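**Q** Below you will find the structure I want to go over with you.
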Amino acid sequence: MKNLLVHQRRRALALLAVPLLALPPALPAALIAQQAHPAAPRPVVTWHDARLLGAFTLAAGLVMPADRDMQRVMQRDWMQRSPFFSHTADVFNAYGSPGVFVGSVALYATGWAAGRPDLSRLGLRAGEAIMLSGIVTGGLKGIAGRARPYASPGDPGNWKAFGGMRDGTRQSFPSGHATAVFAFAAAMDGELRASHPDVARWASPSLYGAAALTGFARMHADKHWASDVVMGAGIGLVSGFIVSRFHADRPDHWIDRHLLPHARR
C-alpha cells in the first residue's frame with residue numbers, strides 16, 4: 001500500500017513536470033510588456049473579483065440541492081470498484097496535495113538553480129495564490145462547520161457554526177484541494193500568458209482540466225460535496241487572478257526584488 005501511494009504521488013508530480021521541461025526562456029517582448037508601468041495600479045481587489053466570487057457562491061448554492069444525489073452517484077459500487085476511476089482519483093487527490101505545493105516550490109527552486117527568473121516567478125506566483133486562497137478557505141471551513149460526506153452520509157445539510165475550528169470532520173466547505181489547484185492553475189495561467197504565450201495555449205487548458213479532475217477526485221473519495229468543490233474553485237480562481245493582476249501592475253514590487261533571481265528593477 002505504501003509503495004502504491006508513493007507511485008501515485010510520483011504520477012501526480014509528473015503532471016507538473018511536463019510544463020516545466022517544455023518552458024523556453026521568457027520572450028523578451030513579454031518581459032518588456034511586463035516592465036511597462038500602468039498609469040495607476042488597479043485596486044488589489046476589484047468589483048470584477050467580487051462579481052466572480054459572487055457568481056461561484058450562487059453556483060454553489062444552486063448545486064447544493066443536488067449534493068445528496070451526486071454523493072450517491074460517486075459512491076456507487078461500480079464507481080468505487082472501477083480500477084480506472086479509483087486510480088485516477090488517487091492520482092488527482094495527490095495532485096491536489098501535495099502536488100501543487102511541491103510543484104510551486106520546484107519551479108521556484110529550479111529557476112534559482114538555472115538562473116531563470118521566469119521559472120522562479122511561476123513558482124512564486126503559484127505559491128502566493130495558494131497561500132492567499134488557503135487563508136480564505138481555512139477561515140470559511142472553521143466558520144461553516146459543514147460535516148464531510150463520509151461523516152454525514154446522505155445529509156449535506158449538516159452544518160454547525162464554528163464547528164470546523166477543531167473538528168476535521170466538519171471542514172467540508174469549501175474544498176481545500178479544489179481551492180489550491182484552481183489557485184495554482186489561475187496564477188500559472190496569468191504568468192504564462194505574459195511570459196510564455198506559446199506554452200500557455202496548451203498548458204493553461206491542461207492546468208484547468210487537472211484542477212477540475214481534482215474536484216471530482218475529492219467527491220469520489222467522499223471527502224467533499226459537489227458544492228464544496230464549486231466554492232473552492234471560485235476562491236482559487238479569484239485568488240490566482242488577484243495575484244497575477246497585482247504583480248502585473250507592480251512589476252517593481254519588493255516581493256520580486258527580494259525573492260527572485262536577477263529580479264526586474
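Every chain in the C-alpha cells takes a letter, A first, then B, and so on in the order presented; its residues are numbered from 1, and the ligands are numbered from 1 following the presented order.
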For the interface of region 93-113 of chain A with region 73-89 of chain A (cut-off 12 Å, counting only C-alpha atoms), please tabulate each contacting residue of region 93-113 of chain A alongside its nearest pair of atoms and their separation in Å to one decimal, rows sorted by chain and increasing number, as a tab-separated table.
**A**
residue	atom	partner	partner_atom	distance
A:Asn93	CA	A:Ala89	CA	5.9
A:Ala94	CA	A:Ala89	CA	8.5
A:Tyr95	CA	A:Ala89	CA	9.6
A:Gly96	CA	A:Ala89	CA	10.5
**Q** Output C-alpha atoms for every residue in that selection, as a PDB file, in the first residue's frame.
**A**
ATOM      1  CA  ASN A  93      -6.036  13.633  -4.963  1.00  0.00           C
ATOM      2  CA  ALA A  94      -2.244  13.526  -4.720  1.00  0.00           C
ATOM      3  CA  TYR A  95      -2.006  16.277  -7.341  1.00  0.00           C
ATOM      4  CA  GLY A  96      -4.149  18.498  -5.133  1.00  0.00           C
TER       5      GLY A  96
END
**Q** Neighbours of region 146-154 of chain A within 9 Å (only C-alpha atoms; same-chain residues fewer than 4 positions away dropped), as a list in words?
**A**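 Near region 146-154 of chain A, the qualifying residues are Asp67, Arg68, Asp69, Gln71, Arg72, Lys141, Gly142, Asn158, Trp159, Lys160, Ala161, Gly163, Gly164, Gly168, Thr169, Arg170, Gln171, Ser172, Phe173, Pro174, Met219, Ala221, Asp222, Lys223, His224 and Trp225 of chain A.
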**Q** Could those residues be written to a file, using C-alpha atoms, as a PDB file, in the first residue's frame?
**A**
ATOM      1  CA  ASP A  67     -25.289  17.303  -3.312  1.00  0.00           C
ATOM      2  CA  ARG A  68     -27.009  14.192  -1.943  1.00  0.00           C
ATOM      3  CA  ASP A  69     -27.622  12.729  -5.411  1.00  0.00           C
ATOM      4  CA  GLN A  71     -22.694  11.707  -3.466  1.00  0.00           C
ATOM      5  CA  ARG A  72     -24.821   8.648  -4.213  1.00  0.00           C
ATOM      6  CA  LYS A 141     -14.007  25.907   6.845  1.00  0.00           C
ATOM      7  CA  GLY A 142     -13.803  26.754  10.514  1.00  0.00           C
ATOM      8  CA  ASN A 158     -25.378  19.112   8.471  1.00  0.00           C
ATOM      9  CA  TRP A 159     -23.814  22.495   9.369  1.00  0.00           C
ATOM     10  CA  LYS A 160     -22.630  23.773  12.742  1.00  0.00           C
ATOM     11  CA  ALA A 161     -21.435  27.352  13.099  1.00  0.00           C
ATOM     12  CA  GLY A 163     -17.792  23.613  14.234  1.00  0.00           C
ATOM     13  CA  GLY A 164     -14.818  23.302  11.914  1.00  0.00           C
ATOM     14  CA  GLY A 168     -11.665  17.956  10.940  1.00  0.00           C
ATOM     15  CA  THR A 169     -14.833  16.086  10.027  1.00  0.00           C
ATOM     16  CA  ARG A 170     -16.591  19.471   9.910  1.00  0.00           C
ATOM     17  CA  GLN A 171     -14.219  21.125   7.456  1.00  0.00           C
ATOM     18  CA  SER A 172     -16.000  20.168   4.261  1.00  0.00           C
ATOM     19  CA  PHE A 173     -16.968  23.611   2.944  1.00  0.00           C
ATOM     20  CA  PRO A 174     -15.168  24.780   0.839  1.00  0.00           C
ATOM     21  CA  MET A 219     -16.039  13.697  -4.373  1.00  0.00           C
ATOM     22  CA  ALA A 221     -13.047   9.935  -2.064  1.00  0.00           C
ATOM     23  CA  ASP A 222     -16.215  11.039  -0.203  1.00  0.00           C
ATOM     24  CA  LYS A 223     -14.335  13.961   1.333  1.00  0.00           C
ATOM     25  CA  HIS A 224     -16.448  16.741  -0.202  1.00  0.00           C
ATOM     26  CA  TRP A 225     -19.897  17.551  -1.512  1.00  0.00           C
TER      27      TRP A 225
END
**Q** Just checking: using only C-alpha atoms, which residue out of A:Ala114, A:Leu122, A:Leu53, A:Val181 ends up closest to Pro98 (chain A)?
**A**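 Between A:Ala114, A:Leu122, A:Leu53, A:Val181, the residue approaching Pro98 (chain A) most closely is A:Val181.
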**Q** Excluding Ile130 (chain A) and its own-chain neighbours fewer than 5 positions away, which residues fall within 8 Å of it when counting only C-alpha atoms? Please give them as an NGL selection string.
**A** :A and (101 or 179-181 or 183-184 or 236 or 239-240)
**Q** List every residue of region 1-232 of chain A that DSSP, applied to the backbone, labels as alpha helix (DSSP H), and write the result as a ChimeraX atom specification.
**A** /A:2-22,28-35,47-63,67-74,77-81,83-94,100-114,117-144,176-195,197-220,226-232
**Q** Please, what distance in Å, to one decimal, runs between CA of Ala113 (chain A) and CA of Pro261 (chain A)?
**A**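 Interatomic distance, CA of Ala113 (chain A) to CA of Pro261 (chain A): 9.2 Å.
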